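Here is the file coords_21.cif (mmCIF, C-alpha atoms).
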```cif
data_final
#
loop_
_atom_site.label_atom_id
_atom_site.label_comp_id
_atom_site.auth_asym_id
_atom_site.auth_seq_id
_atom_site.Cartn_x
_atom_site.Cartn_y
_atom_site.Cartn_z
CA MET A 179 0.00 0.00 0.00
CA LYS A 180 2.92 2.28 0.67
CA ASN A 181 3.95 1.72 -2.93
CA ALA A 182 0.50 2.47 -4.26
CA LEU A 183 0.71 5.68 -2.27
CA ARG A 184 4.08 6.46 -3.81
CA LEU A 185 2.73 5.79 -7.29
CA LEU A 186 -0.23 8.04 -6.63
CA ALA A 187 2.05 10.80 -5.36
CA ALA A 188 4.14 10.54 -8.53
CA PHE A 189 1.04 10.78 -10.71
CA VAL A 190 -0.37 13.75 -8.82
CA LEU A 191 2.97 15.51 -9.14
CA ALA A 192 3.12 14.80 -12.88
CA ALA A 193 -0.42 16.06 -13.34
CA ILE A 194 0.35 19.26 -11.49
CA LEU A 195 3.58 19.81 -13.40
CA CYS A 196 1.89 19.78 -16.78
CA PRO A 197 -1.08 22.07 -16.27
CA HIS A 198 -1.17 23.21 -19.90
CA ALA A 199 -2.02 19.79 -21.14
CA ALA A 200 -4.15 19.08 -18.14
CA TRP A 201 -7.35 18.55 -20.07
CA GLY A 202 -6.78 15.96 -22.67
CA HIS A 203 -9.99 14.32 -23.33
CA ARG A 204 -12.62 16.95 -23.49
CA VAL A 205 -13.18 18.91 -26.65
CA ASN A 206 -14.07 22.54 -26.10
CA ILE A 207 -16.24 24.82 -28.15
CA PHE A 208 -16.96 28.50 -27.75
CA ALA A 209 -18.65 31.03 -29.98
CA TRP A 210 -19.10 34.77 -30.06
CA THR A 211 -20.55 37.34 -32.45
CA GLU A 212 -18.32 39.57 -34.50
CA ALA A 213 -19.56 42.04 -37.12
CA GLY A 214 -22.52 40.09 -38.43
CA THR A 215 -21.00 36.66 -38.16
CA VAL A 216 -20.75 34.06 -35.44
CA GLU A 217 -17.20 32.90 -34.79
CA VAL A 218 -16.78 29.38 -33.41
CA GLN A 219 -13.50 28.19 -31.89
CA CYS A 220 -12.94 24.48 -31.22
CA GLY A 221 -10.04 22.77 -29.53
CA PHE A 222 -8.76 20.18 -27.07
CA GLY A 223 -7.03 22.73 -24.91
CA LYS A 224 -4.32 25.28 -25.43
CA ASN A 225 -2.40 24.99 -28.72
CA SER A 226 -4.41 22.00 -29.82
CA PRO A 227 -7.19 23.09 -32.16
CA ALA A 228 -9.82 20.64 -33.39
CA ARG A 229 -9.16 20.59 -37.13
CA ASN A 230 -11.62 19.37 -39.78
CA SER A 231 -14.28 18.76 -37.19
CA SER A 232 -17.92 18.87 -38.09
CA VAL A 233 -19.90 21.85 -36.76
CA LYS A 234 -23.67 22.07 -37.01
CA VAL A 235 -25.81 25.05 -36.09
CA PHE A 236 -29.37 24.56 -34.91
CA ASP A 237 -32.27 26.79 -34.01
CA ALA A 238 -32.28 26.52 -30.21
CA GLU A 239 -36.09 26.37 -30.07
CA ASP A 240 -37.38 24.19 -32.87
CA GLY A 241 -34.14 22.38 -33.69
CA THR A 242 -33.97 23.05 -37.43
CA GLU A 243 -30.47 22.98 -38.88
CA LEU A 244 -29.39 26.46 -39.97
CA ALA A 245 -25.80 25.98 -41.05
CA SER A 246 -23.08 23.35 -41.05
CA GLY A 247 -19.46 22.94 -42.05
CA THR A 248 -16.04 21.91 -40.84
CA THR A 249 -13.41 23.78 -38.86
CA ASP A 250 -10.25 25.06 -40.52
CA GLU A 251 -6.60 24.49 -39.58
CA THR A 252 -6.91 26.75 -36.53
CA GLY A 253 -10.10 25.13 -35.25
CA ARG A 254 -12.21 28.10 -36.44
CA PHE A 255 -15.56 28.09 -38.15
CA SER A 256 -17.72 31.12 -38.88
CA PHE A 257 -21.10 31.70 -40.39
CA PRO A 258 -23.37 34.73 -40.93
CA ILE A 259 -25.85 35.33 -38.13
CA PRO A 260 -29.11 33.66 -39.20
CA GLN A 261 -32.32 35.70 -39.10
CA VAL A 262 -34.02 33.49 -36.52
CA ALA A 263 -31.11 33.81 -34.06
CA LYS A 264 -32.52 37.07 -32.68
CA ALA A 265 -35.83 35.42 -31.90
CA HIS A 266 -34.81 31.88 -30.91
CA GLY A 267 -31.10 31.72 -30.08
CA LEU A 268 -28.67 29.16 -31.44
CA ARG A 269 -27.31 25.77 -30.44
CA ILE A 270 -23.93 24.94 -31.97
CA LEU A 271 -22.88 21.31 -31.97
CA LEU A 272 -19.30 20.19 -32.45
CA ASP A 273 -18.40 16.61 -33.32
CA ALA A 274 -14.65 16.00 -33.37
CA GLY A 275 -14.94 12.24 -33.91
CA GLU A 276 -14.03 9.27 -31.71
CA GLY A 277 -16.69 10.17 -29.18
CA HIS A 278 -15.59 13.77 -28.75
CA ARG A 279 -18.58 16.03 -28.77
CA ASN A 280 -19.61 19.28 -27.18
CA GLU A 281 -22.07 22.07 -27.72
CA TRP A 282 -22.39 25.79 -27.14
CA LYS A 283 -25.62 27.69 -26.64
CA MET A 284 -26.14 31.32 -27.60
CA ALA A 285 -29.15 33.10 -26.14
CA GLN A 286 -31.33 35.56 -28.07
CA ASP A 287 -29.88 38.64 -26.39
CA GLU A 288 -26.43 37.95 -27.78
CA PHE A 289 -27.79 38.90 -31.18
CA SER A 290 -28.76 42.50 -30.66
CA ASP A 291 -29.42 44.68 -33.71
CA SER A 292 -26.03 46.30 -33.48
CA SER A 293 -24.36 43.08 -34.47
CA ALA A 294 -25.83 43.31 -37.94
CA PRO A 295 -23.51 44.61 -40.63
CA ALA A 296 -24.00 48.28 -41.31
CA THR A 297 -25.75 49.16 -44.56
CA SER A 298 -23.70 51.70 -46.43
CA SER A 299 -26.41 52.82 -48.83
CA GLU A 300 -27.70 55.61 -46.64
CA THR A 301 -27.74 59.19 -47.84
CA PRO A 302 -24.57 60.99 -46.79
CA ALA A 303 -26.41 64.31 -46.41
CA THR A 304 -28.12 63.18 -43.25
CA THR A 305 -24.87 62.84 -41.35
CA ASN A 306 -24.59 66.63 -41.18
CA SER A 307 -28.01 67.31 -39.77
CA PRO A 308 -27.93 68.84 -36.30
CA ARG A 309 -28.50 66.52 -33.39
CA GLU A 310 -31.23 67.59 -31.06
CA PRO A 311 -33.46 65.81 -28.61
CA SER A 312 -36.45 64.55 -30.57
CA PRO A 313 -39.70 64.54 -28.64
CA ALA A 314 -41.54 63.73 -31.86
CA ARG A 315 -39.85 60.39 -32.41
CA GLY A 316 -43.06 58.42 -32.78
CA GLU A 317 -44.46 60.64 -35.59
CA PRO A 318 -43.63 59.36 -39.03
CA GLU A 319 -45.13 62.31 -40.99
CA SER A 320 -42.50 65.03 -40.88
CA GLY A 321 -39.54 64.72 -43.24
CA ASP A 322 -37.37 66.18 -40.50
CA ALA A 323 -38.11 63.29 -38.17
CA GLN A 324 -37.49 60.86 -40.99
CA ARG A 325 -34.12 62.38 -41.64
CA ARG A 326 -33.29 62.30 -37.96
CA GLY A 327 -34.37 58.67 -37.88
CA LEU A 328 -31.96 57.84 -40.64
CA THR A 329 -29.18 59.62 -38.86
CA GLU A 330 -29.93 57.72 -35.75
CA ALA A 331 -30.00 54.42 -37.60
CA ARG A 332 -26.68 55.14 -39.22
CA LEU A 333 -25.17 56.28 -35.97
CA ARG A 334 -26.38 53.12 -34.28
CA ALA A 335 -24.87 51.01 -37.02
CA VAL A 336 -21.51 52.75 -36.80
CA ILE A 337 -21.40 52.55 -33.02
CA GLY A 338 -22.53 48.96 -33.15
CA GLN A 339 -19.79 48.06 -35.61
CA GLU A 340 -17.15 49.83 -33.57
CA LEU A 341 -18.33 48.24 -30.33
CA ASP A 342 -18.30 44.84 -31.99
CA SER A 343 -14.70 45.11 -33.06
CA ARG A 344 -13.63 46.40 -29.66
CA LEU A 345 -15.64 43.88 -27.69
CA ALA A 346 -14.78 40.79 -29.75
CA PRO A 347 -11.56 40.02 -27.85
CA ILE A 348 -13.36 40.51 -24.54
CA LYS A 349 -16.22 38.26 -25.58
CA ARG A 350 -13.68 35.68 -26.61
CA ALA A 351 -11.75 35.92 -23.35
CA LEU A 352 -15.00 35.52 -21.42
CA ALA A 353 -15.92 32.46 -23.45
CA GLU A 354 -12.50 30.94 -22.83
CA GLN A 355 -12.78 31.68 -19.14
CA LYS A 356 -15.81 29.43 -18.96
CA GLU A 357 -13.85 26.47 -20.29
CA ARG A 358 -11.01 26.10 -17.87
CA GLY A 359 -9.39 22.80 -17.15
CA PRO A 360 -9.30 20.94 -13.86
CA GLU A 361 -7.58 22.75 -11.06
CA LEU A 362 -5.50 21.46 -8.18
CA ARG A 363 -8.57 21.77 -5.99
CA ASP A 364 -10.46 19.30 -8.18
CA ILE A 365 -7.56 16.83 -8.22
CA ILE A 366 -7.10 16.82 -4.47
CA GLY A 367 -10.83 16.74 -3.90
CA GLY A 368 -11.24 13.71 -6.15
CA VAL A 369 -8.44 11.78 -4.47
CA GLY A 370 -9.95 12.57 -1.09
CA TRP A 371 -13.35 11.32 -2.25
CA LEU A 372 -11.91 8.00 -3.45
CA ILE A 373 -10.14 7.35 -0.17
CA GLY A 374 -13.26 8.38 1.71
CA ILE A 375 -15.41 5.94 -0.28
CA ALA A 376 -12.93 3.17 0.54
CA GLY A 377 -13.20 4.11 4.20
CA ILE A 378 -16.98 3.81 4.09
CA VAL A 379 -16.79 0.40 2.36
CA LEU A 380 -14.27 -0.76 4.97
CA ALA A 381 -16.45 0.38 7.85
CA MET A 382 -19.48 -1.35 6.34
CA ARG A 383 -17.63 -4.63 5.88
CA ARG A 384 -16.22 -4.53 9.38
CA LYS A 385 -19.70 -4.12 10.81
CA ARG A 386 -20.94 -7.08 8.82
CA ALA A 387 -18.03 -9.29 9.86
CA MET B 130 -11.02 7.14 -24.34
CA HIS B 131 -13.91 8.88 -22.60
CA ILE B 132 -16.98 8.98 -24.81
CA ALA B 133 -18.89 12.24 -24.29
CA GLU B 134 -22.57 12.70 -23.49
CA GLY B 135 -25.04 12.52 -26.35
CA VAL B 136 -22.94 10.41 -28.72
CA LEU B 137 -24.32 6.96 -28.05
CA SER B 138 -27.81 5.56 -28.50
CA PRO B 139 -29.89 4.61 -25.42
CA THR B 140 -29.51 0.91 -26.24
CA VAL B 141 -25.72 1.12 -26.15
CA LEU B 142 -25.84 3.22 -22.96
CA GLY B 143 -28.16 0.69 -21.31
CA THR B 144 -26.05 -2.30 -22.35
CA GLY B 145 -22.90 -0.58 -21.11
CA ALA B 146 -24.51 0.23 -17.77
CA ALA B 147 -25.71 -3.37 -17.32
CA LEU B 148 -22.28 -4.80 -18.15
CA ALA B 149 -20.53 -2.32 -15.87
CA LEU B 150 -22.93 -3.18 -13.05
CA ALA B 151 -22.30 -6.91 -13.47
CA GLY B 152 -18.54 -6.36 -13.55
CA THR B 153 -18.69 -4.16 -10.46
CA ALA B 154 -20.68 -6.81 -8.59
CA ILE B 155 -18.12 -9.48 -9.46
CA GLY B 156 -15.28 -7.12 -8.59
CA LEU B 157 -16.71 -6.18 -5.19
CA ARG B 158 -17.21 -9.83 -4.31
CA ARG B 159 -13.62 -10.65 -5.21
CA LEU B 160 -12.11 -7.68 -3.42
CA ASP B 161 -10.57 -8.72 -0.10
CA THR B 162 -11.24 -6.38 2.78
CA ASP B 163 -7.54 -5.81 3.41
CA LYS B 164 -7.05 -4.83 -0.23
CA ILE B 165 -9.68 -2.10 -0.20
CA MET B 166 -7.33 0.75 0.67
CA GLY B 167 -4.82 -0.35 -1.94
CA ALA B 168 -7.64 -0.46 -4.48
CA ALA B 169 -8.68 3.07 -3.50
CA LEU B 170 -5.15 4.36 -4.03
CA LEU B 171 -4.95 2.67 -7.43
CA SER B 172 -8.34 4.15 -8.24
CA ALA B 173 -6.96 7.56 -7.30
CA ALA B 174 -3.92 6.97 -9.51
CA PHE B 175 -6.27 6.14 -12.39
CA PHE B 176 -8.29 9.27 -11.60
CA VAL B 177 -5.18 11.45 -11.85
CA ALA B 178 -3.51 9.60 -14.76
CA SER B 179 -5.91 11.02 -17.31
CA LEU B 180 -4.58 14.49 -16.55
CA ILE B 181 -1.13 13.47 -17.71
CA HIS B 182 -0.81 14.33 -21.35
CA VAL B 183 1.67 12.57 -23.58
CA PRO B 184 2.88 15.23 -26.02
CA VAL B 185 3.67 13.03 -28.99
CA GLY B 186 2.38 13.98 -32.43
CA PHE B 187 -0.68 16.14 -32.83
CA THR B 188 -3.13 14.04 -30.87
CA SER B 189 -4.93 14.89 -27.67
CA ALA B 190 -4.27 11.60 -25.93
CA HIS B 191 -3.52 11.24 -22.23
CA LEU B 192 -2.53 8.37 -19.99
CA ILE B 193 -5.29 5.98 -19.00
CA GLY B 194 -3.73 3.60 -16.51
CA ASN B 195 -6.24 0.79 -16.79
CA GLY B 196 -3.60 -1.86 -17.52
CA LEU B 197 -1.69 -0.95 -14.38
CA VAL B 198 -4.88 -1.04 -12.30
CA GLY B 199 -5.80 -4.35 -13.90
CA ILE B 200 -2.52 -6.10 -12.99
CA PHE B 201 -3.05 -5.42 -9.29
CA LEU B 202 -6.81 -5.66 -9.04
CA GLY B 203 -8.16 -8.02 -11.70
CA TRP B 204 -11.96 -7.93 -11.58
CA ALA B 205 -11.79 -5.44 -8.72
CA SER B 206 -10.72 -2.96 -11.41
CA PHE B 207 -14.43 -2.48 -12.11
CA PRO B 208 -15.39 -0.75 -8.83
CA ALA B 209 -12.04 1.12 -8.77
CA ILE B 210 -12.43 2.48 -12.30
CA LEU B 211 -16.14 3.14 -11.88
CA ALA B 212 -15.50 5.37 -8.86
CA ALA B 213 -12.63 7.19 -10.58
CA LEU B 214 -14.64 7.77 -13.76
CA LEU B 215 -17.60 9.08 -11.79
CA LEU B 216 -15.36 11.67 -10.16
CA GLN B 217 -13.71 12.52 -13.49
CA ALA B 218 -17.15 13.10 -14.97
CA LEU B 219 -18.27 15.27 -12.06
CA LEU B 220 -15.08 17.25 -11.43
CA PHE B 221 -13.34 17.37 -14.82
CA GLN B 222 -16.34 16.94 -17.16
CA PHE B 223 -14.51 14.03 -18.82
CA GLY B 224 -17.05 11.64 -20.23
CA GLY B 225 -20.38 12.06 -18.48
CA VAL B 226 -22.78 10.52 -16.00
CA THR B 227 -25.05 8.87 -18.58
CA VAL B 228 -22.04 7.39 -20.43
CA LEU B 229 -20.50 6.19 -17.17
CA GLY B 230 -21.53 2.56 -17.71
CA VAL B 231 -20.08 2.34 -21.22
CA ASN B 232 -16.84 4.11 -20.27
CA THR B 233 -16.45 1.95 -17.17
CA PHE B 234 -16.95 -1.22 -19.17
CA THR B 235 -14.53 -0.32 -21.97
CA MET B 236 -11.71 0.64 -19.60
CA ALA B 237 -12.34 -1.86 -16.78
CA PHE B 238 -12.88 -4.84 -19.04
CA GLY B 239 -9.70 -3.81 -20.83
CA ALA B 240 -8.05 -3.94 -17.40
CA VAL B 241 -9.42 -7.41 -16.71
CA LEU B 242 -8.12 -8.67 -20.06
CA ALA B 243 -4.73 -7.07 -19.38
CA HIS B 244 -4.73 -8.83 -16.01
CA SER B 245 -5.24 -12.25 -17.58
CA VAL B 246 -2.54 -11.57 -20.18
CA PHE B 247 -0.16 -10.60 -17.37
CA ARG B 248 -0.94 -13.71 -15.33
CA THR B 249 -0.68 -16.03 -18.30
CA VAL B 250 2.72 -14.68 -19.35
CA VAL B 251 4.06 -14.78 -15.79
CA ARG B 252 2.81 -18.31 -15.29
CA LEU B 253 4.26 -19.57 -18.55
CA PHE B 254 7.63 -17.89 -18.26
CA PRO B 255 8.92 -17.50 -14.71
CA GLY B 256 11.83 -15.11 -14.39
CA LYS B 257 12.59 -11.47 -14.11
CA LYS B 258 12.75 -10.64 -17.80
CA ALA B 259 9.43 -12.30 -18.46
CA LEU B 260 7.93 -10.32 -15.59
CA SER B 261 9.05 -7.06 -17.21
CA ALA B 262 7.75 -8.16 -20.57
CA ALA B 263 4.43 -9.23 -19.05
CA ALA B 264 4.07 -5.85 -17.30
CA PHE B 265 4.86 -3.90 -20.47
CA LEU B 266 2.43 -6.03 -22.44
CA ALA B 267 -0.34 -5.63 -19.87
CA GLY B 268 0.15 -1.85 -19.67
CA ALA B 269 0.02 -1.46 -23.44
CA LEU B 270 -2.78 -3.98 -23.99
CA GLY B 271 -5.01 -2.37 -21.38
CA VAL B 272 -5.14 0.71 -23.61
CA PHE B 273 -5.41 -1.44 -26.74
CA PHE B 274 -8.43 -3.39 -25.46
CA ALA B 275 -10.07 -0.22 -24.20
CA ALA B 276 -9.65 1.36 -27.66
CA ILE B 277 -11.15 -1.68 -29.37
CA LEU B 278 -14.12 -1.75 -26.97
CA THR B 279 -14.65 2.00 -27.33
CA ALA B 280 -14.62 1.66 -31.12
CA LEU B 281 -17.17 -1.13 -30.78
CA ALA B 282 -19.45 1.11 -28.69
CA LEU B 283 -19.08 3.94 -31.22
CA SER B 284 -19.74 1.64 -34.16
CA PHE B 285 -23.32 1.10 -33.00
CA SER B 286 -23.98 4.82 -33.21
CA ALA B 287 -22.39 6.98 -35.89
CA GLU B 288 -18.96 6.03 -37.08
CA GLY B 289 -18.15 2.66 -38.59
CA PHE B 290 -16.17 0.26 -36.41
CA ARG B 291 -13.10 0.21 -38.66
CA ALA B 292 -12.82 3.98 -38.96
CA ALA B 293 -13.28 4.51 -35.23
CA ALA B 294 -10.90 1.71 -34.27
CA VAL B 295 -8.17 2.90 -36.63
CA ALA B 296 -8.46 6.49 -35.45
CA LEU B 297 -8.47 5.52 -31.77
CA LEU B 298 -5.58 3.10 -32.07
CA LEU B 299 -3.45 5.56 -34.03
CA ALA B 300 -4.10 8.30 -31.50
CA HIS B 301 -3.21 5.99 -28.63
CA LEU B 302 -0.10 4.36 -30.08
CA PRO B 303 2.27 6.66 -28.12
CA ILE B 304 0.07 6.17 -25.05
CA MET B 305 0.35 2.42 -25.33
CA VAL B 306 4.14 2.65 -25.33
CA ALA B 307 4.17 5.14 -22.45
CA GLU B 308 1.78 3.03 -20.38
CA GLY B 309 3.78 -0.08 -21.10
CA VAL B 310 6.98 1.56 -19.83
CA ILE B 311 5.34 3.08 -16.73
CA THR B 312 3.62 -0.21 -15.90
CA MET B 313 6.86 -2.13 -16.40
CA PHE B 314 8.87 0.07 -14.02
CA THR B 315 6.09 0.08 -11.43
CA VAL B 316 5.76 -3.71 -11.50
CA ILE B 317 9.54 -4.31 -11.37
CA PHE B 318 9.78 -1.99 -8.39
CA ILE B 319 6.89 -3.58 -6.55
CA ALA B 320 8.07 -7.11 -7.34
CA ARG B 321 11.34 -6.21 -5.60
CA VAL B 322 9.97 -4.54 -2.49
CA ARG B 323 6.46 -5.96 -2.03
CA PRO B 324 6.00 -9.07 -4.20
CA GLU B 325 2.89 -10.14 -2.29
CA MET B 326 1.01 -7.20 -3.86
CA LEU B 327 1.33 -8.92 -7.21
CA ALA B 328 0.33 -12.29 -5.76
CA LEU B 329 3.27 -13.78 -7.66
CA ALA B 330 3.99 -16.26 -4.90
CA GLU B 331 0.45 -17.57 -5.11
CA MET B 332 0.84 -18.03 -8.87
CA ARG B 333 4.09 -19.92 -8.45
CA ASP B 334 2.58 -22.14 -5.76
CA LYS B 335 -0.23 -23.08 -8.08
CA GLU B 336 2.30 -23.87 -10.72
CA ASP B 337 4.32 -26.04 -8.34
CA SER B 338 1.29 -27.98 -7.23
CA HIS B 339 0.52 -28.73 -10.86
CA ARG B 340 3.84 -30.42 -11.30
#
```
Serialized structure, structure tokens:
Amino acid sequence: MKNALRLLAAFVLAAILCPHAAWGHRVNIFAWTEAGTVEVQCGFGKNSPARNSSVKVFDAEDGTELASGTTDETGRFSFPIPQVAKAHGLRILLDAGEGHRNEWKMAQDEFSDSSAPATSSETPATTNSPREPSPARGEPESGDAQRRGLTEARLRAVIGQELDSRLAPIKRALAEQKERGPELRDIIGGVGWLIGIAGIVLAMRRKRA
Amino acid sequence: MHIAEGVLSPTVLGTGAALALAGTAIGLRRLDTDKIMGAALLSAAFFVASLIHVPVGFTSAHLIGNGLVGIFLGWASFPAILAALLLQALLFQFGGVTVLGVNTFTMAFGAVLAHSVFRTVVRLFPGKKALSAAAFLAGALGVFFAAILTALALSFSAEGFRAAAVALLLAHLPIMVAEGVITMFTVIFIARVRPEMLALAEMRDKEDSHR
């Protein structure tokens, strides 16, 4: 038993010493929106992307398939945001083969209007119109309000685009944060559980004997 | 070697669970009370082994350790591996709770087969070199059998058996070598300091009584 203990200690040490590779067998998927597309990143951990893996995109509510494809050399896959995403949300399924599978869910509110690509066909004249608080926003009659509306729409699009490009790295970092590997706490906790279970079995057998 | 949630059909999951349950029952019956703590420590070693990544090639393979567990525990590998896999599923999200039966069966039955290979080789060829060879073989074959059984489980669902088996075996080739070497050194060491853990004496006695 002393030797089993020694073996275990060696294994724990080895596991702690290679934390980068500490999550071998789970495939990870995360996705975020970026300028009108959804970017999907798939991998088995740091520096080990899931190449040529099948990705399927489903409507999160009724389950219809919206897009599908395979990841590239860097484990990336991207597709334009489908129309129904704003109403239903998306479910992205990754199948990396040999029993490796994972999914990522995106809720409706991740697809706000600002994520849509800006339409550049708007009249340039409206950009110069003075900005003023518009109490008459709900009235469609006046040409003034219409012009202001266009300005607002364009402004929203520009801000949305800019925010998207600035926020993309943050969204990505947040997504990655969610998928962290096992920590020392988990390792020690698991070992403790196993020894505890053995203790319970021992106690039960002793009572019976 | 952990199959994730949602890959297998309910029939395969049910069959795996039934087989794992049967194996665990046999294993618990055969597990001597004074071996329980040793089994728990081996179970813990198995639990941790899957965090050790072997950085060969481009694969994502890690150690498994079922051959090593099998040599010492035989059928008692079932409860030991079941407990370790449950904790891996809960704490590391490796595999999953619904796939627990299938994953337990593939790895623990691989361990049982590795155990019988080890015993057969040791019985046929007494001697130190044969012991090393038997340990290497058992360590490597534990992974091999687990890969074959995993491919079998997958073949009932999506991928064909051949494709899955080839992919799994290729990915685990470096692991098989690594496990063989680790198992060999562990067994040599234990044979020197605590031979009764391997029950070698008991095997030799049986052999003598046959003569």
Show me, as a tab-separated table, the residues of chain B having an atom within 9 Å of chain A, each with the closest atom pair and its distance in Å, using all atoms listed in the file.
```
residue	atom	partner	partner_atom	distance
B:Met130	CA	A:His203	CA	7.3
B:His131	CA	A:His203	CA	6.7
B:Ile132	CA	A:Gly277	CA	4.5
B:Ala133	CA	A:Gly277	CA	5.7
B:Glu134	CA	A:Arg279	CA	7.4
B:Gly135	CA	A:Arg279	CA	7.7
B:Val136	CA	A:Gly277	CA	6.3
B:Leu137	CA	A:Gly277	CA	8.4
B:Thr162	CA	A:Leu380	CA	6.7
B:Asp163	CA	A:Leu380	CA	8.6
B:Lys164	CA	A:Met179	CA	8.5
B:Ile165	CA	A:Ala376	CA	6.2
B:Met166	CA	A:Ala376	CA	6.1
B:Gly167	CA	A:Met179	CA	5.2
B:Ala168	CA	A:Ala376	CA	8.1
B:Ala169	CA	A:Ile373	CA	5.6
B:Leu170	CA	A:Ala182	CA	6.0
B:Leu171	CA	A:Ala182	CA	6.3
B:Ser172	CA	A:Leu372	CA	7.1
B:Ala173	CA	A:Val369	CA	5.3
B:Ala174	CA	A:Leu186	CA	4.8
B:Phe175	CA	A:Leu186	CA	8.6
B:Phe176	CA	A:Val369	CA	7.6
B:Val177	CA	A:Val190	CA	6.1
B:Ala178	CA	A:Phe189	CA	6.2
B:Ser179	CA	A:Gly202	CA	7.3
B:Leu180	CA	A:Ala200	CA	4.9
B:Ile181	CA	A:Ala193	CA	5.1
B:His182	CA	A:Ala199	CA	5.6
B:Val183	CA	A:Ala199	CA	8.5
B:Pro184	CA	A:Ala199	CA	8.3
B:Phe187	CA	A:Ser226	CA	7.6
B:Thr188	CA	A:Ser226	CA	8.1
B:Ser189	CA	A:Gly202	CA	5.4
B:Ala190	CA	A:Gly202	CA	6.0
B:His191	CA	A:Gly202	CA	5.8
B:Ala209	CA	A:Leu372	CA	8.7
B:Ala212	CA	A:Leu372	CA	7.0
B:Ala213	CA	A:Leu372	CA	7.2
B:Leu216	CA	A:Gly368	CA	6.1
B:Gln217	CA	A:Gly368	CA	7.8
B:Leu220	CA	A:Asp364	CA	6.0
B:Phe221	CA	A:Pro360	CA	5.5
B:Gln222	CA	A:Arg204	CA	7.3
B:Phe223	CA	A:Arg204	CA	5.8
B:Gly224	CA	A:Arg204	CA	7.6
B:Thr279	CA	A:Glu276	CA	8.5
B:Ala280	CA	A:Glu276	CA	7.7
B:Leu283	CA	A:Gly277	CA	7.0
B:Glu288	CA	A:Glu276	CA	8.0
B:Ala293	CA	A:Glu276	CA	6.0
B:Ala294	CA	A:Glu276	CA	8.6
B:Ala296	CA	A:Glu276	CA	7.3
B:Leu297	CA	A:Glu276	CA	6.7
B:Thr315	CA	A:Leu185	CA	7.8
B:Phe318	CA	A:Asn181	CA	8.8
B:Ile319	CA	A:Asn181	CA	7.1
B:Val322	CA	A:Asn181	CA	8.7
B:Arg323	CA	A:Asn181	CA	8.1
B:Met326	CA	A:Met179	CA	8.2
```
| message | Between CA of Leu197 (chain B) and CA of Leu160 (chain B), what distance in Å does the model show, to one decimal? | response | 16.6 Å
| task | Work out how far CA of Ser231 (chain A) is from CA of Gly194 (chain B), in Å to one decimal. | result | 27.7 Å
| said: Please compute the CA of Thr227 (chain B)-CA of Leu299 (chain B) distance, one decimal, in Å. | reply: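 Going from CA of Thr227 (chain B) over to CA of Leu299 (chain B), I get 26.8 Å.
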| request: Would you translate the PyMOL selection byres ((chain A and resi 247-260) around 6) into the concrete set of residues it matches in this file, as a PyMOL selection string? | output: chain A and resi 214-220+227-233+246+261-263
| field | 12 Å contact set for Thr140 (chain B), only C-alpha atoms, chain neighbours under 6 positions out, as a VMD selection string | value | chain B and resid 146 to 147 227 to 228 230 to 231 282 to 283 285 to 286
| said: Give me, as a PyMOL selection string, all polymer residues having an atom no more than 8 Å from Val250 (chain B), counting all atoms listed in the file and skipping those fewer than 3 positions away in the same chain. | reply: chain B and resi 246-247+253-254+259-260+263
| query | Could you spell out the hits of the PyMOL selection byres ((chain A and resi 264) around 10) on the shown file, as JSON, numbers by chain? | reply | {"A": [259, 260, 261, 262, 263, 265, 266, 267, 268, 284, 285, 286, 287, 288, 289, 290, 291]}
Run the PyMOL selection byres ((chain B and resi 198) around 10) against the file shown and list the residues it catches, as a tab-separated table (two decimals) with C-alpha atoms, keeping the file's coordinate frame.
```tsv
chain	number	residue	atom	x	y	z
B	168	ALA	CA	-7.64	-0.46	-4.48
B	170	LEU	CA	-5.15	4.36	-4.03
B	171	LEU	CA	-4.95	2.67	-7.43
B	172	SER	CA	-8.34	4.15	-8.24
B	174	ALA	CA	-3.92	6.97	-9.51
B	175	PHE	CA	-6.27	6.14	-12.39
B	193	ILE	CA	-5.29	5.98	-19.00
B	194	GLY	CA	-3.73	3.60	-16.51
B	195	ASN	CA	-6.24	0.79	-16.79
B	196	GLY	CA	-3.60	-1.86	-17.52
B	197	LEU	CA	-1.69	-0.95	-14.38
B	199	GLY	CA	-5.80	-4.35	-13.90
B	200	ILE	CA	-2.52	-6.10	-12.99
B	201	PHE	CA	-3.05	-5.42	-9.29
B	202	LEU	CA	-6.81	-5.66	-9.04
B	203	GLY	CA	-8.16	-8.02	-11.70
B	204	TRP	CA	-11.96	-7.93	-11.58
B	205	ALA	CA	-11.79	-5.44	-8.72
B	206	SER	CA	-10.72	-2.96	-11.41
B	207	PHE	CA	-14.43	-2.48	-12.11
B	209	ALA	CA	-12.04	1.12	-8.77
B	210	ILE	CA	-12.43	2.48	-12.30
B	237	ALA	CA	-12.34	-1.86	-16.78
B	240	ALA	CA	-8.05	-3.94	-17.40
B	241	VAL	CA	-9.42	-7.41	-16.71
B	243	ALA	CA	-4.73	-7.07	-19.38
B	244	HIS	CA	-4.73	-8.83	-16.01
B	267	ALA	CA	-0.34	-5.63	-19.87
B	268	GLY	CA	0.15	-1.85	-19.67
B	271	GLY	CA	-5.01	-2.37	-21.38
B	312	THR	CA	3.62	-0.21	-15.90
```
| said: When you count only C-alpha atoms, which of these residues is closest to Leu142 (chain B): B:Ala218, B:Leu211, B:Val226, B:Ile277? | reply: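 Between B:Ala218, B:Leu211, B:Val226, B:Ile277, the residue approaching Leu142 (chain B) most closely is B:Val226.
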| request: Tell me which of A:Ala238, A:Ile207, A:Ala213, A:Met382 sits closest to Ala274 (chain A), counting only C-alpha atoms. | output: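 Smallest distance to Ala274 (chain A) is found for A:Ile207.
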